[in-house]
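Source file: entry-v5.txt. Holds: compact mmCIF, C-alpha atoms.
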```txt
# COMPACT_ATOMS: atom_id res chain seq x y z
CA MET A 1 201.87 100.00 245.69
CA THR A 2 202.70 103.68 245.59
CA GLU A 3 200.19 106.45 245.01
CA LEU A 4 201.48 106.83 241.46
CA GLU A 5 201.01 103.13 240.76
CA ARG A 6 197.50 103.24 242.21
CA ALA A 7 196.63 106.23 240.03
CA LEU A 8 197.95 104.40 236.97
CA ALA A 9 195.96 101.29 237.78
CA GLN A 10 192.80 103.37 238.15
CA LEU A 11 193.19 105.18 234.84
CA GLU A 12 190.30 104.64 232.45
CA VAL A 13 191.95 104.65 229.04
CA ASP A 14 189.99 105.37 225.87
CA TRP A 15 191.22 102.28 224.01
CA PRO A 16 190.44 101.78 220.33
CA ALA A 17 187.28 99.72 219.94
CA THR A 18 188.05 96.00 219.86
CA PRO A 19 187.05 94.64 216.42
CA PRO A 20 184.69 91.64 216.17
CA PHE A 21 187.33 89.01 215.48
CA GLY A 22 186.19 86.04 213.48
CA TYR A 23 183.70 87.88 211.31
CA ARG A 24 185.99 88.78 208.44
CA ARG A 25 184.65 87.58 205.15
CA ALA A 26 188.12 87.61 203.65
CA ARG A 27 189.07 84.75 205.90
CA ARG A 28 185.98 82.65 205.46
CA GLY A 29 187.98 79.46 205.39
CA LEU A 30 189.30 80.14 208.83
CA LEU A 31 186.00 81.38 210.21
CA ALA A 32 185.23 78.42 212.39
CA ALA A 33 188.70 78.33 213.87
CA ALA A 34 188.73 82.04 214.57
CA LEU A 35 185.30 81.95 216.13
CA ALA A 36 186.16 79.08 218.34
CA ILE A 37 189.39 80.57 219.54
CA ALA A 38 187.69 83.93 220.06
CA LEU A 39 185.64 82.16 222.63
CA ALA A 40 188.71 81.04 224.46
CA VAL A 41 190.07 84.55 224.27
CA GLY A 42 186.95 85.85 225.88
CA ILE A 43 187.61 83.60 228.80
CA ALA A 44 191.28 84.26 229.06
CA PHE A 45 191.15 88.01 228.68
CA ALA A 46 188.14 89.16 230.60
CA VAL A 47 187.58 92.89 230.71
CA PRO A 48 187.86 94.16 234.29
CA PRO A 49 184.35 93.79 235.78
CA ALA A 50 183.73 97.42 236.63
CA ARG A 51 184.39 98.65 233.13
CA SER A 52 181.49 97.33 231.18
CA ALA A 53 177.98 95.99 231.54
CA ILE A 54 179.02 93.19 229.20
CA LEU A 55 181.95 91.63 230.95
CA ARG A 56 182.97 89.20 228.26
CA PHE A 57 181.71 88.01 224.95
CA PHE A 58 182.90 85.30 222.70
CA HIS A 59 181.74 82.98 219.99
CA ILE A 60 181.68 79.34 219.10
CA GLY A 61 180.28 78.33 215.76
CA SER A 62 176.87 79.95 215.45
CA GLU A 63 176.61 80.77 219.11
CA THR A 64 177.50 84.03 220.80
CA ILE A 65 178.04 83.94 224.53
CA GLU A 66 177.97 87.11 226.56
CA GLN A 67 178.85 87.31 230.19
CA VAL A 68 176.76 90.05 231.76
CA LYS A 69 176.27 91.53 235.19
CA SER A 70 172.62 90.58 235.28
CA LEU A 71 170.60 88.31 233.05
CA PRO A 72 168.05 89.81 230.65
CA PRO A 73 164.36 89.02 231.26
CA ALA A 74 163.90 85.35 230.42
CA GLU A 75 161.14 82.82 230.89
CA GLN A 76 161.43 79.61 232.84
CA ARG A 77 160.24 77.08 230.26
CA SER A 78 160.46 73.34 230.04
CA LEU A 79 162.89 71.98 227.46
CA GLU A 80 159.95 70.56 225.50
CA ARG A 81 158.64 74.10 225.02
CA ALA A 82 162.01 75.19 223.68
CA LEU A 83 161.85 72.89 220.71
CA GLY A 84 159.86 74.83 218.13
CA GLU A 85 157.64 73.19 215.53
CA PRO A 86 157.87 69.51 214.54
CA VAL A 87 159.53 68.66 211.22
CA THR A 88 160.31 65.49 209.37
CA SER A 89 163.78 63.98 209.54
CA SER A 90 164.33 64.77 205.88
CA ALA A 91 163.35 68.42 206.41
CA ALA A 92 165.78 68.59 209.33
CA ALA A 93 168.49 67.08 207.15
CA ARG A 94 167.88 69.72 204.49
CA LEU A 95 168.30 72.46 207.10
CA LEU A 96 171.51 71.00 208.46
CA GLY A 97 172.94 69.71 205.22
CA ARG A 98 173.18 66.26 206.80
CA PRO A 99 171.00 64.08 209.04
CA PHE A 100 170.34 65.08 212.64
CA ALA A 101 172.86 63.36 214.90
CA VAL A 102 170.30 61.24 216.77
CA GLN A 103 167.96 59.11 214.70
CA GLY A 104 164.56 57.75 215.71
CA VAL A 105 163.46 60.70 217.82
CA PRO A 106 160.97 63.46 216.96
CA VAL A 107 162.83 66.51 215.67
CA PHE A 108 161.77 70.13 215.74
CA ARG A 109 162.89 73.37 214.20
CA ALA A 110 162.98 76.96 215.40
CA GLY A 111 164.30 79.14 212.64
CA SER A 112 167.29 77.26 211.26
CA THR A 113 168.02 75.35 214.46
CA VAL A 114 167.01 71.70 214.74
CA SER A 115 166.37 70.19 218.15
CA ALA A 116 165.22 67.02 219.84
CA ILE A 117 164.90 65.61 223.33
CA VAL A 118 167.49 62.86 223.63
CA ASP A 119 169.03 60.53 226.16
CA GLY A 120 166.29 60.73 228.75
CA GLY A 121 165.43 64.42 228.78
CA LEU A 122 168.37 66.38 227.38
CA LEU A 123 167.84 69.04 224.74
CA LEU A 124 170.15 68.56 221.77
CA THR A 125 170.22 71.42 219.30
CA GLU A 126 172.11 71.54 216.01
CA LEU A 127 172.68 74.56 213.85
CA ARG A 128 174.55 74.75 210.62
CA THR A 129 177.25 77.40 210.89
CA GLY A 130 176.82 80.03 208.24
CA ASP A 131 177.91 83.57 207.72
CA ASP A 132 175.99 84.88 210.71
CA PRO A 133 177.81 83.65 213.80
CA GLY A 134 175.50 85.33 216.26
CA ILE A 135 172.29 83.50 215.58
CA VAL A 136 171.99 81.98 219.05
CA LYS A 137 172.91 84.03 222.07
CA LYS A 138 173.61 82.96 225.58
CA PHE A 139 173.70 85.38 228.47
CA VAL A 140 175.72 84.22 231.41
CA GLY A 141 175.24 85.85 234.80
CA GLY A 142 177.83 86.42 237.45
CA GLN A 143 177.01 83.16 239.22
CA ALA A 144 177.52 81.02 236.13
CA HIS A 145 180.82 79.57 235.00
CA VAL A 146 182.25 79.08 231.53
CA VAL A 147 185.12 76.70 230.94
CA VAL A 148 186.86 75.30 227.90
CA VAL A 149 187.04 71.51 227.69
CA ARG A 150 188.42 69.19 225.06
CA LEU A 151 186.22 66.50 223.54
CA ASP A 152 188.98 65.00 221.43
CA ALA A 153 192.19 66.03 219.72
CA ASP A 154 190.33 68.20 217.22
CA THR A 155 187.33 69.43 219.15
CA GLN A 156 187.13 72.03 221.88
CA ALA A 157 183.87 72.57 223.73
CA ILE A 158 182.46 75.11 226.11
CA TRP A 159 180.81 74.02 229.31
CA ILE A 160 178.44 76.55 230.87
CA TYR A 161 177.02 75.75 234.26
CA GLY A 162 175.02 77.88 236.60
CA PRO A 163 172.30 80.46 235.89
CA HIS A 164 172.24 81.61 232.31
CA ALA A 165 169.75 82.48 229.60
CA VAL A 166 169.54 81.62 225.93
CA SER A 167 167.81 83.35 223.06
CA GLY A 168 167.37 82.13 219.52
CA PRO A 169 166.23 83.57 216.24
CA VAL A 170 162.58 82.64 216.82
CA LEU A 171 161.84 81.65 220.39
CA PRO A 172 161.91 84.26 223.20
CA PRO A 173 164.73 84.23 225.78
CA ARG A 174 164.49 81.51 228.39
CA LEU A 175 166.49 80.38 231.38
CA ALA A 176 168.77 77.52 230.40
CA GLY A 177 170.15 74.52 232.22
CA ASN A 178 173.77 73.43 232.19
CA THR A 179 174.98 73.40 228.61
CA LEU A 180 177.81 71.99 226.54
CA VAL A 181 178.47 73.77 223.22
CA TRP A 182 180.84 72.45 220.61
CA LEU A 183 181.60 72.86 216.96
CA ARG A 184 182.24 70.14 214.46
CA ALA A 185 182.23 72.23 211.35
CA PRO A 186 179.88 73.06 209.89
CA ILE A 187 177.51 72.10 212.72
CA THR A 188 177.32 73.85 216.07
CA TYR A 189 175.94 71.50 218.73
CA ARG A 190 174.34 72.41 222.03
CA LEU A 191 173.41 69.89 224.68
CA GLU A 192 171.39 71.19 227.60
CA GLY A 193 169.77 69.78 230.68
CA ARG A 194 169.01 70.78 234.21
CA GLY A 195 171.37 68.86 236.42
CA LEU A 196 173.41 67.82 233.39
CA THR A 197 176.96 67.01 234.43
CA LEU A 198 180.06 67.68 232.39
CA GLU A 199 180.91 63.98 232.39
CA ARG A 200 177.53 62.96 231.01
CA ALA A 201 177.55 65.79 228.49
CA THR A 202 181.01 65.01 227.13
CA THR A 203 180.29 61.28 227.01
CA LEU A 204 177.24 61.90 224.87
CA ALA A 205 178.95 64.57 222.78
CA LYS A 206 181.77 62.22 221.88
CA ARG A 207 179.21 59.73 220.53
CA LEU A 208 177.44 62.26 218.34
CA ARG A 209 178.72 62.73 214.81
CA MET B 210 192.66 92.38 226.29
CA ALA B 211 194.42 90.53 223.46
CA PHE B 212 193.71 93.36 221.05
CA ARG B 213 194.78 95.98 223.58
CA LEU B 214 198.03 94.19 224.22
CA ALA B 215 198.69 94.10 220.48
CA TYR B 216 197.82 97.79 220.32
CA VAL B 217 200.29 98.63 223.07
CA ILE B 218 203.04 96.72 221.27
CA THR B 219 202.36 97.94 217.74
CA GLY B 220 201.07 101.42 218.55
CA SER B 221 198.51 101.07 215.76
CA ALA B 222 194.89 99.94 215.97
CA ALA B 223 194.98 98.59 212.41
CA GLU B 224 198.20 96.64 213.01
CA ALA B 225 196.81 95.41 216.33
CA GLU B 226 193.67 94.12 214.64
CA ASP B 227 195.64 92.18 212.06
CA ALA B 228 198.07 90.88 214.64
CA THR B 229 195.29 89.71 216.95
CA GLN B 230 193.34 88.03 214.17
CA ASP B 231 196.40 86.16 212.94
CA ALA B 232 197.38 85.27 216.48
CA LEU B 233 193.94 83.79 217.17
CA VAL B 234 194.17 81.57 214.14
CA LYS B 235 197.71 80.50 215.06
CA ALA B 236 196.56 79.78 218.61
CA TRP B 237 193.73 77.65 217.32
CA ARG B 238 196.08 75.65 215.15
CA ALA B 239 198.45 75.25 218.09
CA LEU B 240 195.78 74.16 220.57
CA GLY B 241 196.97 70.61 220.29
CA ARG B 242 200.26 71.68 221.87
CA PHE B 243 198.52 73.40 224.76
CA HIS B 244 198.70 71.29 227.89
CA ALA B 245 195.30 70.98 229.58
CA GLY B 246 195.42 72.23 233.15
CA GLU B 247 198.06 74.84 232.48
CA PRO B 248 197.07 78.52 232.57
CA PHE B 249 195.61 79.44 229.21
CA ARG B 250 196.10 83.18 229.44
CA PRO B 251 199.93 83.34 229.43
CA TRP B 252 200.03 80.80 226.61
CA LEU B 253 197.74 82.89 224.46
CA LEU B 254 199.43 86.12 225.54
CA ARG B 255 202.71 84.88 224.18
CA ILE B 256 201.21 84.10 220.79
CA VAL B 257 199.46 87.47 220.53
CA ALA B 258 202.53 89.37 221.66
CA ASN B 259 204.81 87.49 219.27
CA GLU B 260 202.54 88.27 216.36
CA ALA B 261 202.33 91.92 217.37
CA ARG B 262 206.11 92.17 217.68
CA ASN B 263 206.58 90.54 214.27
CA ARG B 264 204.26 93.06 212.69
CA ARG B 265 205.98 95.89 214.44
CA ARG B 266 209.35 94.67 213.17
CA SER B 267 207.98 94.32 209.65
CA ALA B 268 206.69 97.86 209.78
CA GLY B 269 210.18 99.00 210.69
CA ARG B 270 209.05 101.11 213.59
CA ARG B 271 206.36 101.28 216.18
CA LEU B 272 203.84 104.06 215.88
CA ARG B 273 203.76 106.25 218.93
CA LEU B 274 201.01 105.36 221.35
CA ALA B 275 198.57 108.18 221.97
CA LEU B 276 196.49 107.03 224.90
CA ARG B 277 193.61 109.20 226.07
CA VAL B 278 191.60 109.26 229.25
CA GLY B 279 188.21 107.58 228.81
CA ALA B 280 185.03 109.62 228.95
CA ALA B 281 183.79 107.50 231.84
CA GLN B 282 186.75 108.35 234.05
CA PRO B 283 185.28 109.55 237.35
CA VAL B 284 186.42 112.85 238.78
CA ALA B 285 189.33 112.06 241.05
CA ASP B 286 189.21 113.13 244.65
CA ASP B 287 192.81 112.20 245.35
CA GLY B 288 194.41 115.20 243.68
CA VAL B 289 195.68 113.17 240.72
CA ASP B 290 195.24 114.83 237.33
CA ARG B 291 194.41 111.79 235.17
CA HIS B 292 194.84 113.67 231.92
CA ALA B 293 198.26 114.94 232.92
CA LEU B 294 199.27 111.51 234.12
CA LEU B 295 198.31 109.82 230.88
CA ALA B 296 199.98 112.61 228.93
CA ALA B 297 203.13 111.81 230.89
CA VAL B 298 202.77 108.13 230.00
CA ASN B 299 202.53 109.14 226.35
CA GLU B 300 205.81 111.04 226.71
CA LEU B 301 207.75 108.08 228.11
CA PRO B 302 210.39 106.34 225.99
CA GLU B 303 208.98 103.32 224.16
CA ASP B 304 210.27 100.59 226.49
CA ALA B 305 209.02 102.43 229.53
CA GLN B 306 205.68 103.20 227.95
CA VAL B 307 205.06 99.58 227.02
CA VAL B 308 205.97 98.19 230.40
CA ILE B 309 203.80 100.75 232.20
CA ALA B 310 200.89 100.02 229.86
CA CYS B 311 201.23 96.27 230.38
CA ARG B 312 201.58 96.39 234.14
CA TYR B 313 199.12 99.10 235.10
CA LEU B 314 196.82 99.93 232.19
CA LEU B 315 196.27 96.33 231.10
CA GLY B 316 196.73 94.91 234.57
CA LEU B 317 199.16 92.16 233.54
CA THR B 318 201.25 90.49 236.20
CA GLU B 319 205.03 90.73 236.10
CA GLN B 320 205.16 87.21 234.74
CA GLU B 321 202.60 87.93 232.03
CA THR B 322 204.40 91.14 231.12
CA ALA B 323 207.66 89.22 230.84
CA VAL B 324 205.97 86.78 228.48
CA ALA B 325 204.40 89.58 226.46
CA LEU B 326 207.66 91.51 226.11
CA ASP B 327 209.78 88.38 225.74
CA VAL B 328 212.15 89.43 228.52
CA ALA B 329 213.05 88.03 231.91
CA GLN B 330 210.83 88.78 234.87
CA GLY B 331 213.72 90.63 236.50
CA THR B 332 213.96 92.85 233.44
CA VAL B 333 210.29 93.72 233.79
CA LYS B 334 210.90 94.64 237.42
CA SER B 335 213.84 96.91 236.65
CA ARG B 336 212.19 98.49 233.61
CA THR B 337 209.07 99.17 235.63
CA SER B 338 211.08 100.76 238.40
CA ARG B 339 212.95 103.02 235.99
CA ALA B 340 209.77 103.86 234.10
CA LEU B 341 208.02 104.90 237.29
CA VAL B 342 210.90 107.20 238.20
CA ARG B 343 210.82 108.78 234.75
CA LEU B 344 207.05 109.04 234.83
CA ARG B 345 207.12 110.81 238.17
CA GLU B 346 209.58 113.34 236.74
CA LEU B 347 207.38 113.96 233.71
CA TYR B 348 204.20 114.14 235.76
CA ASP B 349 205.61 116.46 238.42
```
Mind turning the file's structure into structure tokens?
Amino acid sequence: MTELERALAQLEVDWPATPPFGYRRARRGLLAAALAIALAVGIAFAVPPARSAILRFFHIGSETIEQVKSLPPAEQRSLERALGEPVTSSAAARLLGRPFAVQGVPVFRAGSTVSAIVDGGLLLTELRTGDDPGIVKKFVGGQAHVVVVRLDADTQAIWIYGPHAVSGPVLPPRLAGNTLVWLRAPITYRLEGRGLTLERATTLAKRLR
Amino acid sequence: MAFRLAYVITGSAAEAEDATQDALVKAWRALGRFHAGEPFRPWLLRIVANEARNRRRSAGRRLRLALRVGAAQPVADDGVDRHALLAAVNELPEDAQVVIACRYLLGLTEQETAVALDVAQGTVKSRTSRALVRLRELYD
């Protein structure tokens, strides 16, 4: 590489601000698709690391995922303490617009999210996707990994493993275990567990409807 | 990166926004044709670039890029005048400007640039070479 090429590569250009794709009200019908693909874009087109404190951000359903240099302050809490307040199954169904995916377990709410401990200690959270796509935020540190996986022909999912934090509309930020996030419109699902494997997560996710 | 690529191709932030948005939706609809295990970035690049080129063609012409040096650009200690260099990039003919932007400002590989510009990789190589010669003349 010549000196000129090096100088070009080191140029910091004042690019126009990248718009928040997927938020346009005019395209409400395509919102879920645009949000989901925006997530993939975030992965595929990462901003060069030195250029921003937020290295990447993307969305899936009601979840915003930001890849950051260092995680924000977050508590280490058990999954049981991340549930919120107990609610009846019918109250959960009213929040989601349909019954919670797993029946026969105690369900809890935190804001508009509905959660339960399922399948031997995993935290399953459901959130009805509305007009605010950034209601749950995940912060992924440099040691965590984010990959796109396919659950079935129609459903993409995001697998996040390694140190990351999650914050919701009500509960304070906490450190999160390995997480699978997927969208089956209009519900955004999140399955989390320490030591959770991708295989176990996708197997369970495929069963949930 | 997707938006910036569209901006480089269209020369307009508004056109780039529309092109990127439409490309994302098209990509989502085409996900079923994406082969798992293959690199995702070039696949998506092609869709974004195609959409940007279509919009540029519809507009009849590409607006002239007016790139500026970012405020965070550190003071150079290598004798390179960043402002003058970027001004020279802005003065390049369109083909040269786009290939320089793709290769060095966006950091695309030759292969990715070929996909984005819908030309052969050899064409990217020769265009880059000619653009660098012209850029050096303008900068000096």
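Checking A:Ala91, A:Leu71, A:Val107, A:Leu8 one by one against chain B, counting all atoms listed in the file, you find the shortest gap at A:Leu8.
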Excluding same-chain residues fewer than 6 positions from Gln143 of chain A, what lies within 10 Å of it counting all atoms listed in the file, as a count of residues only? 6
In Å to one decimal, how far is atom CA of Leu180 of chain A from atom CA of Arg77 of chain A? 18.7 Å
Counting only C-alpha atoms, the residue among B:Val307, B:Ala215, B:Ala222, B:Ala329 that lies closest to chain A is B:Ala222
Counting only C-alpha atoms, which residues of chain B fall within 7 Å of chain A, and what is the closest atom pair for each with its distance in Å at one decimal, ordered by chain and rising number, as a tab-separated table?
```
residue	atom	partner	partner_atom	distance
B:Met210	CA	A:Phe45	CA	5.2
B:Ala211	CA	A:Phe45	CA	6.7
B:Phe212	CA	A:Thr18	CA	6.4
B:Ala222	CA	A:Pro16	CA	6.5
B:Glu226	CA	A:Pro19	CA	6.9
B:Gln230	CA	A:Phe21	CA	6.2
B:Leu233	CA	A:Ile37	CA	6.1
B:Val234	CA	A:Ala34	CA	5.5
B:Trp237	CA	A:Ile37	CA	5.7
B:Gly241	CA	A:Ala153	CA	6.6
B:Phe249	CA	A:Ala44	CA	6.5
B:Arg250	CA	A:Ala44	CA	5.0
B:Leu276	CA	A:Val13	CA	6.6
B:Arg277	CA	A:Asp14	CA	5.3
B:Val278	CA	A:Val13	CA	4.6
B:Gly279	CA	A:Asp14	CA	4.1
B:Gln282	CA	A:Glu12	CA	5.4
B:Arg291	CA	A:Leu11	CA	6.7
B:Tyr313	CA	A:Ala9	CA	4.7
B:Leu314	CA	A:Ala9	CA	5.8
```
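In this comparison, which uses all atoms listed in the file, the residue of B:Ala223, B:Leu295, B:Ala325, B:Leu274 approaching Asn259 of chain B most closely is B:Ala325.
Across the structure, atom CA of Ala157 of chain A and atom CA of Leu317 of chain B are spaced 26.7 Å apart.
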At a cut-off of 12 Å, using all atoms listed in the file, what residues contact Leu79 of chain A? Leave out same-chain residues fewer than 5 positions from it and give the result as a PyMOL selection string. chain A and resi 84+108+115-118+120-125+166+174-178+191-194
Please, what distance in Å, to one decimal, runs between atom CA of Arg255 of chain B and atom CA of Arg238 of chain B? 14.5 Å
